Structures are given as C-alpha cells and as structure tokens.
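Below is final-v3.txt, holding compact mmCIF, C-alpha atoms and all ligand atoms.
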```
# COMPACT_ATOMS: atom_id res chain seq x y z
CA MET A 1437 -9.58 1.53 8.20
CA LYS A 1438 -13.28 1.62 9.03
CA ARG A 1439 -15.26 2.93 6.11
CA SER A 1440 -16.94 5.73 8.07
CA LYS A 1441 -13.49 7.06 8.94
CA VAL A 1442 -12.89 7.76 5.25
CA ILE A 1443 -14.45 11.00 4.06
CA PHE A 1444 -14.79 11.29 0.32
CA VAL A 1445 -14.34 14.66 -1.37
CA ALA A 1446 -16.03 14.67 -4.77
CA GLY A 1447 -16.60 17.12 -7.59
CA HIS A 1448 -19.33 16.83 -10.22
CA GLN A 1449 -19.99 14.30 -12.93
CA ARG A 1450 -17.99 14.72 -16.16
CA PRO A 1451 -15.27 16.39 -14.10
CA ASP A 1452 -13.35 19.42 -15.40
CA ALA A 1453 -10.07 20.77 -14.01
CA ASP A 1454 -11.83 22.81 -11.30
CA ALA A 1455 -13.82 19.79 -10.04
CA ALA A 1456 -10.76 17.51 -9.99
CA VAL A 1457 -8.38 20.06 -8.46
CA SER A 1458 -10.87 21.32 -5.86
CA ALA A 1459 -11.59 17.76 -4.73
CA CYS A 1460 -7.89 16.91 -4.57
CA VAL A 1461 -6.57 20.04 -2.88
CA ALA A 1462 -9.56 20.49 -0.53
CA ALA A 1463 -8.98 16.89 0.61
CA ARG A 1464 -5.30 17.67 1.26
CA LEU A 1465 -6.20 20.80 3.24
CA LYS A 1466 -8.82 18.93 5.31
CA GLN A 1467 -6.32 16.18 5.97
CA ARG A 1468 -3.88 18.67 7.43
CA LEU A 1469 -6.56 20.24 9.62
CA ASP A 1470 -8.10 16.93 10.73
CA PRO A 1471 -5.58 14.06 10.83
CA ALA A 1472 -8.02 11.76 12.70
CA HIS A 1473 -9.98 11.07 9.52
CA ARG A 1474 -8.84 10.11 6.08
CA TYR A 1475 -9.92 12.44 3.29
CA GLN A 1476 -10.03 10.80 -0.10
CA PRO A 1477 -10.65 12.82 -3.27
CA LEU A 1478 -12.80 11.22 -5.98
CA LEU A 1479 -13.43 11.80 -9.66
CA LEU A 1480 -16.96 10.87 -10.73
CA GLY A 1481 -15.75 10.18 -14.26
CA GLU A 1482 -12.63 10.03 -16.42
CA PRO A 1483 -10.61 13.28 -16.26
CA ASN A 1484 -10.20 15.33 -19.45
CA ALA A 1485 -6.87 15.94 -21.20
CA GLN A 1486 -6.35 19.33 -19.55
CA THR A 1487 -6.86 17.87 -16.09
CA CYS A 1488 -4.46 14.98 -16.76
CA TRP A 1489 -1.82 17.37 -18.03
CA LEU A 1490 -2.24 19.69 -15.05
CA PHE A 1491 -1.81 16.90 -12.47
CA GLU A 1492 1.21 15.65 -14.40
CA GLN A 1493 2.74 19.16 -14.28
CA ALA A 1494 2.17 19.31 -10.54
CA GLY A 1495 3.49 15.77 -10.01
CA VAL A 1496 0.32 14.85 -8.12
CA GLU A 1497 -1.57 11.61 -8.58
CA LEU A 1498 -5.03 11.96 -10.09
CA PRO A 1499 -7.89 11.09 -7.70
CA THR A 1500 -9.52 7.69 -8.02
CA VAL A 1501 -12.36 7.49 -10.52
CA ARG A 1502 -15.49 6.35 -8.73
CA PRO A 1503 -18.93 7.38 -9.95
CA ASP A 1504 -20.79 5.40 -7.30
CA LEU A 1505 -20.54 5.79 -3.53
CA ARG A 1506 -22.59 2.78 -2.60
CA PRO A 1507 -20.34 0.38 -0.69
CA THR A 1508 -18.83 -2.69 -2.26
CA VAL A 1509 -18.71 -6.11 -0.63
CA GLY A 1510 -14.99 -5.60 -0.05
CA GLU A 1511 -15.63 -2.40 1.89
CA VAL A 1512 -18.19 -3.78 4.33
CA MET A 1513 -17.18 -7.45 4.58
CA ASN A 1514 -15.78 -8.97 7.74
CA PRO A 1515 -12.09 -9.51 6.94
CA ARG A 1516 -11.56 -11.78 9.95
CA VAL A 1517 -12.15 -15.34 8.80
CA SER A 1518 -10.78 -18.61 10.12
CA THR A 1519 -10.16 -21.41 7.68
CA VAL A 1520 -9.13 -25.06 7.60
CA SER A 1521 -7.47 -27.16 4.92
CA ALA A 1522 -9.16 -30.13 3.28
CA GLN A 1523 -6.68 -32.39 5.10
CA ALA A 1524 -7.64 -31.04 8.53
CA ARG A 1525 -9.72 -33.12 10.91
CA LEU A 1526 -13.35 -32.39 11.59
CA ALA A 1527 -12.29 -31.65 15.18
CA ASP A 1528 -10.37 -28.58 13.98
CA ALA A 1529 -13.38 -27.23 12.09
CA LEU A 1530 -15.75 -27.99 14.99
CA HIS A 1531 -13.50 -26.07 17.31
CA LEU A 1532 -13.98 -23.01 15.10
CA LEU A 1533 -17.70 -23.50 14.42
CA GLN A 1534 -18.75 -24.16 18.00
CA GLY A 1535 -16.05 -22.36 19.93
CA HIS A 1536 -16.34 -19.14 17.94
CA ARG A 1537 -19.97 -19.44 16.79
CA PHE A 1538 -19.03 -18.97 13.15
CA SER A 1539 -21.73 -19.77 10.65
CA VAL A 1540 -19.16 -20.93 8.13
CA VAL A 1541 -15.63 -22.26 8.00
CA PRO A 1542 -14.21 -22.01 4.48
CA VAL A 1543 -11.93 -24.83 3.39
CA VAL A 1544 -8.99 -23.37 1.48
CA ASP A 1545 -6.24 -24.75 -0.73
CA ALA A 1546 -2.59 -23.67 -0.65
CA ALA A 1547 -3.30 -20.75 -3.02
CA GLY A 1548 -6.05 -19.34 -0.78
CA GLY A 1549 -8.86 -20.50 -3.08
CA VAL A 1550 -12.01 -21.87 -1.44
CA VAL A 1551 -12.58 -25.56 -2.26
CA GLY A 1552 -15.48 -26.13 0.12
CA ILE A 1553 -17.26 -24.93 3.22
CA LEU A 1554 -18.37 -26.37 6.53
CA SER A 1555 -21.43 -24.89 8.14
CA PRO A 1556 -23.83 -26.06 10.85
CA ALA A 1557 -26.57 -24.60 8.65
CA LEU A 1558 -26.03 -27.21 5.92
CA PRO A 1559 -27.56 -30.73 5.79
CA GLN A 1560 -24.06 -32.22 5.69
CA SER A 1561 -23.55 -30.95 9.19
CA GLN A 1562 -25.45 -33.94 10.60
CA TYR A 1563 -22.01 -35.55 10.58
CA LEU A 1564 -20.86 -32.89 12.96
CA TYR A 1565 -23.34 -33.85 15.60
CA HIS A 1566 -24.47 -37.45 15.45
CA PHE A 1567 -22.50 -40.29 16.86
CA ASN A 1568 -23.99 -43.30 15.10
CA ALA A 1569 -20.57 -44.14 13.79
CA GLU A 1570 -21.43 -47.29 11.81
CA ASP A 1571 -23.41 -45.21 9.34
CA TYR A 1572 -20.38 -43.59 7.87
CA LEU A 1573 -17.16 -45.09 9.19
CA GLY A 1574 -15.33 -46.58 6.27
CA GLN A 1575 -17.08 -44.12 3.95
CA LEU A 1576 -15.87 -40.85 5.44
CA LEU A 1577 -13.00 -42.14 7.49
CA ASP A 1578 -10.36 -44.78 6.85
CA TYR A 1579 -7.80 -46.60 8.92
CA ALA A 1580 -4.97 -44.18 8.05
CA ASP A 1581 -7.15 -41.16 9.02
CA VAL A 1582 -7.75 -42.67 12.46
CA VAL A 1583 -4.08 -43.55 12.98
CA ARG A 1584 -3.08 -40.01 12.01
CA ALA A 1585 -5.82 -38.20 13.95
CA PHE A 1586 -5.18 -39.97 17.26
CA LYS A 1587 -1.41 -40.46 16.71
CA LEU A 1588 -1.83 -44.19 17.36
CA ARG A 1589 1.31 -46.14 18.23
CA ARG A 1590 2.06 -49.20 16.13
CA LEU A 1591 2.77 -52.21 18.39
CA ASN A 1592 3.99 -54.82 15.90
CA ARG A 1593 6.39 -53.19 13.48
CA ARG A 1594 7.23 -56.39 11.64
CA ALA A 1595 3.75 -57.05 10.46
CA PRO A 1596 3.20 -55.73 6.92
CA ALA A 1597 1.14 -52.56 6.68
CA SER A 1598 -2.27 -53.37 5.39
CA ASP A 1599 -4.65 -51.21 3.43
CA ALA A 1600 -8.06 -51.30 4.90
CA ARG A 1601 -10.84 -51.84 2.43
CA PRO A 1602 -13.28 -48.95 2.41
CA GLY A 1603 -15.36 -50.96 4.78
CA SER A 1604 -16.29 -50.85 8.38
CA PHE A 1605 -14.84 -50.32 11.75
CA VAL A 1606 -15.91 -53.08 14.09
CA ILE A 1607 -16.03 -52.72 17.82
CA ALA A 1608 -15.06 -56.07 19.29
CA HIS A 1609 -15.22 -57.57 22.73
CA ALA A 1610 -13.84 -60.61 24.50
CA GLU A 1611 -16.59 -62.96 23.32
CA ILE A 1612 -16.13 -61.95 19.69
CA ALA A 1613 -15.29 -65.47 18.54
CA ARG A 1614 -18.83 -66.52 19.33
CA HIS A 1615 -20.26 -63.89 17.00
CA ARG A 1616 -18.54 -65.10 13.88
CA THR A 1617 -20.30 -62.82 11.45
CA GLN A 1618 -19.00 -59.65 12.99
CA ILE A 1619 -15.65 -59.27 11.22
CA HIS A 1620 -15.17 -59.17 7.46
CA PRO A 1621 -11.85 -59.20 5.61
CA GLY A 1622 -10.54 -55.62 5.47
CA ASP A 1623 -12.38 -54.45 8.56
CA VAL A 1624 -10.61 -52.47 11.24
CA VAL A 1625 -11.24 -53.97 14.66
CA ILE A 1626 -11.43 -51.81 17.75
CA SER A 1627 -10.99 -53.91 20.85
CA ALA A 1628 -10.06 -54.04 24.49
CA PRO A 1629 -6.94 -56.16 25.12
CA SER A 1630 -8.22 -59.66 24.28
CA GLU A 1631 -6.14 -62.45 22.75
CA ALA A 1632 -9.30 -64.18 21.57
CA ALA A 1633 -10.42 -61.08 19.73
CA LEU A 1634 -6.99 -60.63 18.13
CA ARG A 1635 -6.76 -64.26 17.00
CA TYR A 1636 -10.21 -64.02 15.50
CA ALA A 1637 -9.39 -60.71 13.76
CA CYS A 1638 -6.28 -62.38 12.31
CA ALA A 1639 -8.26 -65.42 11.13
CA ARG A 1640 -10.85 -63.17 9.47
CA ARG A 1641 -8.07 -61.18 7.72
CA ALA A 1642 -8.94 -57.87 9.36
CA ALA A 1643 -7.01 -54.87 8.00
CA GLY A 1644 -5.88 -53.90 11.47
CA VAL A 1645 -6.63 -53.94 15.14
CA ILE A 1646 -6.72 -50.96 17.49
CA ILE A 1647 -6.24 -52.10 21.06
CA CYS A 1648 -7.73 -49.65 23.53
CA ASP A 1649 -6.32 -49.55 27.02
CA PRO A 1650 -4.93 -46.85 29.27
CA ASN A 1651 -1.93 -49.15 29.84
CA GLU A 1652 0.47 -49.84 26.96
CA THR A 1653 1.97 -52.94 28.64
CA GLU A 1654 -1.47 -54.49 28.77
CA ALA A 1655 -1.97 -53.76 25.10
CA ARG A 1656 1.43 -55.21 24.15
CA ARG A 1657 0.78 -58.36 26.19
CA CYS A 1658 -1.81 -59.70 23.80
CA CYS A 1659 -0.34 -58.21 20.65
CA ARG A 1660 1.41 -61.42 19.56
CA ALA A 1661 -1.95 -63.12 19.08
CA ALA A 1662 -2.55 -60.84 16.11
CA GLY A 1663 -0.16 -62.72 13.80
CA ASP A 1664 0.69 -60.46 10.89
CA VAL A 1665 -2.31 -58.13 11.26
CA PRO A 1666 -1.11 -54.57 12.09
CA VAL A 1667 -1.90 -53.60 15.67
CA HIS A 1668 -2.12 -50.05 17.01
CA TRP A 1669 -2.55 -48.88 20.56
CA PHE A 1670 -5.02 -46.20 21.69
CA ARG A 1671 -4.45 -44.80 25.17
CA GLY A 1672 -7.99 -44.97 26.51
CA SER A 1673 -11.13 -47.08 26.55
CA VAL A 1674 -12.96 -48.54 23.57
CA MET A 1675 -15.81 -46.17 24.37
CA ALA A 1676 -13.51 -43.14 24.42
CA LEU A 1677 -12.18 -43.98 20.96
CA ALA A 1678 -15.60 -44.86 19.55
CA VAL A 1679 -17.23 -41.58 20.52
CA SER A 1680 -14.24 -39.59 19.27
CA LEU A 1681 -14.05 -41.26 15.85
CA PRO A 1682 -16.20 -38.69 14.01
CA LEU A 1683 -13.72 -35.98 15.00
CA ALA A 1684 -11.06 -37.74 12.95
CA ILE A 1685 -13.04 -37.48 9.72
CA PRO A 1686 -11.00 -35.45 7.22
CA VAL A 1687 -12.64 -32.16 6.35
CA ARG A 1688 -12.51 -33.04 2.62
CA ASN A 1689 -15.05 -35.81 3.22
CA THR A 1690 -17.71 -33.68 4.89
CA MET A 1691 -17.31 -30.25 3.33
CA ALA A 1692 -19.93 -28.94 0.94
CA THR A 1693 -18.41 -28.36 -2.48
CA GLU A 1694 -21.44 -26.54 -3.90
CA PHE A 1695 -21.73 -23.13 -2.26
CA HIS A 1696 -22.12 -19.46 -3.02
CA THR A 1697 -19.37 -16.86 -2.93
CA VAL A 1698 -19.30 -13.11 -3.58
CA LYS A 1699 -16.58 -10.85 -4.99
CA THR A 1700 -14.99 -7.83 -3.31
CA GLY A 1701 -15.95 -5.57 -6.23
CA GLN A 1702 -19.67 -6.39 -6.17
CA ARG A 1703 -21.99 -3.77 -4.73
CA ALA A 1704 -23.12 -4.75 -1.24
CA ASP A 1705 -26.78 -3.90 -1.85
CA GLN A 1706 -26.83 -6.10 -4.94
CA VAL A 1707 -25.90 -9.25 -3.03
CA ARG A 1708 -28.36 -8.61 -0.21
CA GLU A 1709 -30.94 -10.98 -1.69
CA LEU A 1710 -28.37 -13.78 -1.99
CA VAL A 1711 -27.36 -13.19 1.61
CA ALA A 1712 -31.01 -13.33 2.72
CA ARG A 1713 -31.56 -16.81 1.26
CA THR A 1714 -28.18 -18.31 2.17
CA PRO A 1715 -27.99 -19.84 5.65
CA TYR A 1716 -24.24 -19.30 6.04
CA ALA A 1717 -21.93 -16.29 5.75
CA LEU A 1718 -20.73 -15.99 2.16
CA PRO A 1719 -16.99 -16.36 1.51
CA VAL A 1720 -15.64 -13.20 -0.20
CA LEU A 1721 -13.08 -13.64 -2.99
CA ASN A 1722 -10.80 -10.94 -4.36
CA GLU A 1723 -9.99 -10.43 -8.06
CA GLN A 1724 -7.41 -13.25 -7.89
CA GLY A 1725 -9.97 -15.65 -6.41
CA ARG A 1726 -8.35 -15.66 -2.97
CA LEU A 1727 -10.47 -15.70 0.16
CA VAL A 1728 -10.31 -12.28 1.87
CA GLY A 1729 -13.33 -12.25 4.22
CA VAL A 1730 -16.93 -13.24 4.79
CA PHE A 1731 -20.15 -11.39 4.09
CA SER A 1732 -23.13 -12.22 6.28
CA ARG A 1733 -26.49 -10.70 7.17
CA ARG A 1734 -24.74 -8.56 9.72
CA GLU A 1735 -22.64 -6.91 7.01
CA ALA A 1736 -25.59 -6.73 4.60
CA LEU A 1737 -27.68 -4.84 7.14
CA GLN A 1738 -24.91 -2.47 8.01
CA ASN A 1739 -26.10 0.85 6.76
CA GLU A 1740 -23.70 3.48 8.00
CA PRO A 1741 -23.96 6.51 5.73
CA GLN A 1742 -20.79 7.42 3.87
CA PRO A 1743 -19.56 10.91 4.79
CA ILE A 1744 -18.82 13.10 1.79
CA ILE A 1745 -17.80 16.66 0.97
CA LEU A 1746 -19.14 18.02 -2.33
CA VAL A 1747 -17.12 20.53 -4.32
CA ASP A 1748 -17.83 22.59 -7.44
CA HIS A 1749 -21.52 21.66 -7.80
CA PHE A 1750 -24.86 22.29 -6.14
CA GLU A 1751 -27.12 20.30 -8.43
CA ARG A 1752 -28.77 16.97 -7.66
CA THR A 1753 -28.24 15.76 -11.23
CA GLN A 1754 -24.51 16.44 -11.17
CA THR A 1755 -23.67 14.62 -8.01
CA VAL A 1756 -22.45 11.16 -7.11
CA LEU A 1757 -24.54 7.96 -7.41
CA GLY A 1758 -25.58 6.77 -3.97
CA PHE A 1759 -25.96 10.36 -2.81
CA GLU A 1760 -29.22 9.40 -0.99
CA GLN A 1761 -27.31 7.02 1.30
CA ALA A 1762 -24.44 9.44 1.89
CA GLU A 1763 -24.05 11.94 4.66
CA VAL A 1764 -23.06 15.29 3.17
CA ARG A 1765 -20.66 17.02 5.56
CA GLU A 1766 -19.91 20.13 3.56
CA ILE A 1767 -20.44 21.83 0.21
CA ILE A 1768 -17.83 24.11 -1.35
CA ASP A 1769 -19.02 25.78 -4.54
CA HIS A 1770 -19.08 28.91 -6.66
CA HIS A 1771 -22.30 28.21 -8.62
CA ARG A 1772 -25.83 29.29 -7.81
CA VAL A 1773 -27.47 27.40 -4.95
CA GLY A 1774 -29.13 24.53 -6.77
CA ASN A 1775 -31.45 21.71 -5.81
CA LEU A 1776 -29.23 19.57 -3.61
CA GLU A 1777 -31.11 18.56 -0.49
CA THR A 1778 -29.37 17.21 2.60
CA VAL A 1779 -30.68 15.25 5.58
CA HIS A 1780 -28.64 17.03 8.21
CA PRO A 1781 -27.48 20.61 8.66
CA VAL A 1782 -24.38 21.09 6.58
CA ARG A 1783 -21.58 23.63 6.34
CA VAL A 1784 -21.86 25.42 3.02
CA ASP A 1785 -19.08 27.61 1.65
CA CYS A 1786 -20.50 29.24 -1.48
CA ARG A 1787 -18.77 32.33 -2.80
CA PRO A 1788 -19.50 34.26 -6.00
CA VAL A 1789 -16.02 33.86 -7.50
CA GLY A 1790 -14.63 32.45 -10.74
CA SER A 1791 -13.79 28.95 -9.56
CA THR A 1792 -14.05 26.60 -6.61
CA ALA A 1793 -10.25 26.47 -6.63
CA THR A 1794 -10.30 30.16 -5.64
CA ILE A 1795 -12.38 29.32 -2.58
CA VAL A 1796 -10.05 26.44 -1.64
CA ALA A 1797 -7.07 28.82 -1.95
CA CYS A 1798 -8.85 31.30 0.35
CA GLN A 1799 -9.55 28.49 2.85
CA PHE A 1800 -5.80 27.85 3.08
CA ALA A 1801 -5.18 31.48 3.98
CA GLU A 1802 -8.11 31.55 6.43
CA ALA A 1803 -6.68 28.48 8.18
CA GLY A 1804 -3.30 30.22 8.41
CA LEU A 1805 -1.78 27.75 5.96
CA LYS A 1806 -0.04 28.04 2.62
CA PRO A 1807 -0.48 25.58 -0.26
CA ASP A 1808 2.75 23.87 -1.30
CA ALA A 1809 4.10 24.42 -4.83
CA ALA A 1810 2.22 21.44 -6.30
CA GLU A 1811 -1.08 22.45 -4.68
CA ALA A 1812 -0.57 26.06 -5.81
CA LEU A 1813 0.05 24.91 -9.38
CA LEU A 1814 -3.09 22.76 -9.37
CA LEU A 1815 -5.24 25.55 -7.94
CA LEU A 1816 -3.81 28.07 -10.37
CA GLY A 1817 -4.49 25.77 -13.33
CA ALA A 1818 -8.08 25.24 -12.20
CA ILE A 1819 -8.69 29.00 -11.79
CA ILE A 1820 -7.26 29.65 -15.27
CA SER A 1821 -9.35 26.85 -16.74
CA ASP A 1822 -12.64 27.98 -15.15
CA THR A 1823 -12.12 31.74 -15.81
CA LEU A 1824 -10.47 31.35 -19.25
CA LEU A 1825 -7.34 33.03 -17.88
CA LEU A 1826 -9.28 35.56 -15.80
CA THR A 1827 -11.29 36.83 -18.77
CA SER A 1828 -14.73 35.24 -18.18
CA PRO A 1829 -17.58 37.45 -16.87
CA THR A 1830 -17.55 35.42 -13.65
CA THR A 1831 -13.98 36.52 -12.84
CA THR A 1832 -13.66 38.68 -9.71
CA ASP A 1833 -10.89 40.70 -8.14
CA ILE A 1834 -10.48 37.90 -5.62
CA ASP A 1835 -9.68 35.46 -8.45
CA ARG A 1836 -7.09 37.87 -9.86
CA LYS A 1837 -5.47 38.42 -6.50
CA VAL A 1838 -5.45 34.71 -5.62
CA ALA A 1839 -4.13 33.74 -9.06
CA GLY A 1840 -1.22 36.16 -8.75
CA GLN A 1841 -0.37 34.78 -5.33
CA LEU A 1842 -0.58 31.15 -6.47
CA ALA A 1843 1.67 31.88 -9.48
CA ARG A 1844 4.31 33.11 -7.04
CA TYR A 1845 3.91 30.03 -4.81
CA ALA A 1846 4.16 27.80 -7.88
CA ARG A 1847 7.03 29.87 -9.33
CA ARG A 1848 5.31 30.21 -12.70
CA ASP A 1849 4.64 33.15 -14.97
CA LEU A 1850 0.87 33.62 -14.87
CA ALA A 1851 0.48 34.66 -18.54
CA VAL A 1852 2.78 31.96 -19.96
CA PHE A 1853 1.37 29.18 -17.78
CA GLY A 1854 -2.15 30.50 -18.39
CA ARG A 1855 -1.84 30.22 -22.18
CA GLU A 1856 -0.40 26.71 -21.79
CA VAL A 1857 -3.35 25.63 -19.61
CA LEU A 1858 -5.89 27.01 -22.10
CA ARG A 1859 -4.09 25.37 -25.02
CA ARG A 1860 -4.49 22.03 -23.22
CA ASN A 1861 -8.22 22.57 -23.19
CA ASP A 1862 -8.36 22.84 -26.93
CA GLU A 1863 -9.34 19.41 -28.04
CA LEU A 1864 -8.53 20.35 -31.65
CA VAL A 1865 -4.90 20.66 -30.57
CA ASP A 1866 -4.53 17.76 -28.18
CA GLY A 1867 -7.61 15.61 -28.62
CA ASP A 1868 -7.62 12.14 -30.06
CA PRO A 1869 -8.54 12.70 -33.76
CA ALA A 1870 -10.60 9.52 -33.86
CA ARG A 1871 -12.64 10.70 -30.88
CA LEU A 1872 -13.17 14.15 -32.39
CA VAL A 1873 -14.50 12.62 -35.62
MN MN B 1901 -15.99 25.39 -11.26
```
I need this file expressed as structure tokens, please.
Amino acid sequence: MKRSKVIFVAGHQRPDADAAVSACVAARLKQRLDPAHRYQPLLLGEPNAQTCWLFEQAGVELPTVRPDLRPTVGEVMNPRVSTVSAQARLADALHLLQGHRFSVVPVVDAAGGVVGILSPALPQSQYLYHFNAEDYLGQLLDYADVVRAFKLRRLNRRAPASDARPGSFVIAHAEIARHRTQIHPGDVVISAPSEAALRYACARRAAGVIICDPNETEARRCCRAAGDVPVHWFRGSVMALAVSLPLAIPVRNTMATEFHTVKTGQRADQVRELVARTPYALPVLNEQGRLVGVFSRREALQNEPQPIILVDHFERTQTVLGFEQAEVREIIDHHRVGNLETVHPVRVDCRPVGSTATIVACQFAEAGLKPDAAEALLLLGAIISDTLLLTSPTTTDIDRKVAGQLARYARRDLAVFGREVLRRNDELVDGDPARLV
C-alpha cells in the first residue's frame, strides 16, 4: 500500500491508557467510516503496565510502538527490481539495463543476497559497450561460456573435449597457414569453413575450433581436417559471432563486487547523502540480508507528507518526531489548546471532558455507530484511568453518562472494573521491583 494511503493515529509521548486507547479506537472508528484509507494507531513509546493489562482484557493487539514518523528506506523504496544470477550472460543484464533504463541490475545468489551489481554508471561497464574483443576474451570469457551462450553444436563427438587455456580467441581465415604466429596452443579458433585453417589449428594444438557458416553441411564438410581438436558449429558468419561474443560473458566476470547497499530500517533522510554521491540506485536489503528493492534519487527526493491524526495532546513537545514533515489531518483532545501549529486547516475536536476516550465514545454515537464490546472495554478503561474512576476535578456529567453506557456495552460492573483498572496503575502493586528501586 502506498505510504500516503496510510493515516497514522498517534497519542502523546510516554503514552498512558487514554493516549493508547484513543489512538487505537479512534483509528478503528475512522476505518469503519472511511474504508478507502488505512488507519494505523501508533504508540510513541512503550505502553505502561495498566495499558498492557487493559488491551489484554479487551483481547485487542497493542498499537505499534513508533516514536518517529520520518519514513524509512523500506517505506519509500522502489520494490520493483529485476535481477540476474552470477551465471547469467551479459546479454541478459544488458536487456534489463538498456531495455528498461535501469541504473542498476543487482546480481543475486540463490538465497536472495546481493553478490554484485551491474550498472552503466560504473567503470566496469566499458565491457558492456565496447567491441574490441581481443582485449578481454580469454580473461572474461572462456570456451565453455561461448558454447553455452550460443548453444553451439559439437560436430565431432569422438574428439576428446579439450579445456581451453585462459588464452585468446583467434579469428582465422583461409590463408591462416601463411600467418603462422596467429594460433597458440590452447587458443580457440573462430573460422569460416576452411580445411587449411582446421589443419593448421590442429597442428598448433588449438583448444577448439568454431566453424561459422549458415549451412551446417558446409561446416561438417571440412570438419574431418580438424583431427582430434573439438569442432563446434555456429549458425552464422564469423563477423556475426565475433560482434556477439561480449554478450556471452558471464555476469560474474563483469559485475562490481564493491558497492553500497542500504537497509529497510534505515531512515530515508539519513541515506540521502549516500544516494547523492552514488551513481546507481542502491540495492535495499531487509533484516535477513535479502534484496527487497532499490533506493535511488527519485525515492530520496520523494517528500510526500505523512498524514496523521493526533489524539490526547495539543502540545508541540509531546508529539511525534517528524511532526514538521507530517500533514496533520485532525486533532482530538480534551486538554487546553496548546502550541501545536499546523500548515493546513485542520479539523479539531476539543471538548472539556475527563478523557479523550470520552470524546471518541461520543464520536461513535454521533456517527450512528456503537463500539463493540472490546472497544467499549478499552474506552471505559481509559476514562477510568484518566478520571481516577470519575473522581478527578476534570470529570464531567458527560464522562459519567458515557462510562455507564460503555460498562453496559462491555458487560462489566463499573465499580468493580474501575477499582481493577486503578489497581493496575499502582506501580507499587504491579511494577517491577527492580525498576521501582
Ligand atoms: Mn487524556
């Protein structure tokens, strides 16, 4: 889902039961009223013991803890990425790089880890474009690679297979015998059908001969002259094979093995500098080290504000990190109007009642809806927690009325459940002794 389609609903820092419950239940109400978006409640810090207990009682999962709204690499990366294996041919990678205008093709192993990259932005990419084959044939490409890449047919099965030395490919012609220095033992000879060339290749102990001709019969005709040198047939001209040779180079021989990556959990703005000085899109790895996307300048520049609804606070110092980059959609609160400043006009629902949970409960009724038993229990617990079981000076008749109603929905006795909620707030009863000390 696109990030801007997710609307976060967040309470204040150091969340209490009212902040956690209001975020959770307001998100569930919004979700029902607006199914086109996804409303996700957040906790800006670890929940306290009372909050944990309350959610457990209601059988509702606690909201995710996330103190910082600023997007992570995983949230803004491009998850569409095409890869090749190290055994693939350069042709496969070129198809992706040029055909799809990618700035990087990650080379992955069977486990999804990145072992290298190919990128037209790297110096290695000269191999991708130049055709001066003698410079690197034999270094980056061997006989077996060529046979495999072009599916060459073997013409003389009885001849023993020969391992080419990591030497050269030699392009021969009919008058080859006159140029005696051209073939060295272990060379692979590329030739038009020529008995003279084959005899010479045999005499010079070439590793193999590739006969190039559109016609297989023609190629077979002179094959016998090769003696026990392996002969393969390429359906096409010498020129056609020669110019195509670089495409057969295995990816493992041209990929860059020193490269930068980023992790899904890193904050996007913190890798911006790395992105700015890296000429290719950065491969993105998840926690397990598997490739899950790429992160390029396009993603780094993406600056869509994150929509958010704030509940149970109206103070700049209590709100989420990354608030400046967020787009506040709504504020639901029962405190005084504080110093939160928004960029755009925003719906504010501030009511002088005992808890934000009371307002959320009223919003249900105003929308013609009824909270389910779990939501009612959560809201009731939050009202009790914030009003100290309807005894605090901030308690209003609305809180009392709403609490009574919620107790019925939740099928709980208000006084009994109320005492239980307050007991859970007493750290001397439930707190970790080590932490109290
Ligand atoms: Mn509150």
(request) Do a neighbour search on A:Arg1537 at 12 Å with all atoms listed in the file, toss out local chain neighbours closer than 4 positions, and write the hits as a ChimeraX atom specification. (result) /A:1517-1518,1529-1533,1541,1555-1557,1716-1717
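With all atoms listed in the file taken into account, every residue lying no more than 12 Å from the file point (0.5, 29.7, 1.5) is included here: A:Leu1465, A:Val1796, A:Ala1797, A:Cys1798, A:Gln1799, A:Phe1800, A:Ala1801, A:Glu1802, A:Ala1803, A:Gly1804, A:Leu1805, A:Lys1806, A:Pro1807, A:Asp1808, A:Ala1809, A:Ala1810, A:Glu1811, A:Ala1812, A:Leu1813, A:Leu1815, A:Val1838, A:Gln1841, A:Leu1842, A:Ala1843, A:Arg1844, A:Tyr1845, A:Ala1846.
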(request) Please indicate the distance in Å from atom CA of A:Arg1765 to atom CA of A:Ile1745, rounded to one decimal place. (result) 5.4 Å
(message) Could you list, as a list in words, every residue within 7 Å of A:Leu1825, counting all atoms listed in the file and ignoring same-chain residues fewer than 4 positions away?
(response)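 The contact residues come out as Ile1820, Ser1821 and Gly1854 of chain A.
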(request) Taking all atoms listed in the file into account, report as a list in words which residues have an atom no farther than 7 Å from an atom of ligand MN 1901 (chain B). (result)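 Counting all atoms listed in the file, the residues within 7 Å of ligand MN 1901 (chain B) come out as Asp1454, Ala1455, Asp1748, His1770, Ser1791, Thr1792 and Asp1822 of chain A.
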(request) Anything within 10 Å of (-3.1, 16.3, -2.2): list those residues as a list in words, counting only C-alpha atoms and sticking to the file's coordinates. (result) Val1457, Ser1458, Ala1459, Cys1460, Val1461, Ala1462, Ala1463, Arg1464, Leu1465, Lys1466, Gln1467, Arg1468, Tyr1475, Gln1476, Pro1477, Val1496, Glu1497, Leu1498, Pro1499, Pro1807, Asp1808, Ala1810, Glu1811 and Leu1814 of chain A
Take every atom of stretch 1654-1658 of chain A listed in the file, pad by 6 Å on each side, and give me the axis-aligned box centre and edge lengths in Å, one decimal, as lines of an AutoDock Vina configuration file.
```
center_x = -0.3
center_y = -56.7
center_z = 26.3
size_x = 15.4
size_y = 17.9
size_z = 17.0
```
(message) Could you list, as an NGL selection string, every residue within 6 Å of A:Asp1623, counting all atoms listed in the file and ignoring same-chain residues fewer than 2 positions away?
(response) :A and (1603-1605 or 1620-1621 or 1642-1643)
(message) Restricting the calculation to all atoms listed in the file: of A:Val1707, A:Leu1737, A:Val1583, A:Leu1816, which residue gets closest to A:Val1857?
(response) A:Leu1816
(request) Compile the contact shell of A:Ala1712 as a PyMOL selection string: residues with an atom at most 12 Å away, counting only C-alpha atoms, same-chain residues fewer than 3 positions apart removed. (result) chain A and resi 1705-1709+1715-1718+1731-1737
(message) Could you list, as a PyMOL selection string, every residue within 9 Å of A:Thr1753, counting all atoms listed in the file and ignoring same-chain residues fewer than 3 positions away?
(response) chain A and resi 1449+1750+1756+1775-1776
(request) Work out how far apart atom CA of A:Arg1847 and atom CA of A:Ile1795 are and give it in Å to one decimal. (result) 20.6 Å
(message) Between A:Ala1628, A:Pro1682, A:Leu1591, A:Cys1488, which residue has the minimum interatomic distance to A:Arg1656, considering all atoms listed in the file?
(response) A:Leu1591
(request) Provide the atom CA of A:Ala1485 to atom CA of A:Ala1793 distance in Å, to one decimal place. (result)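 Those two atoms sit 18.3 Å apart.
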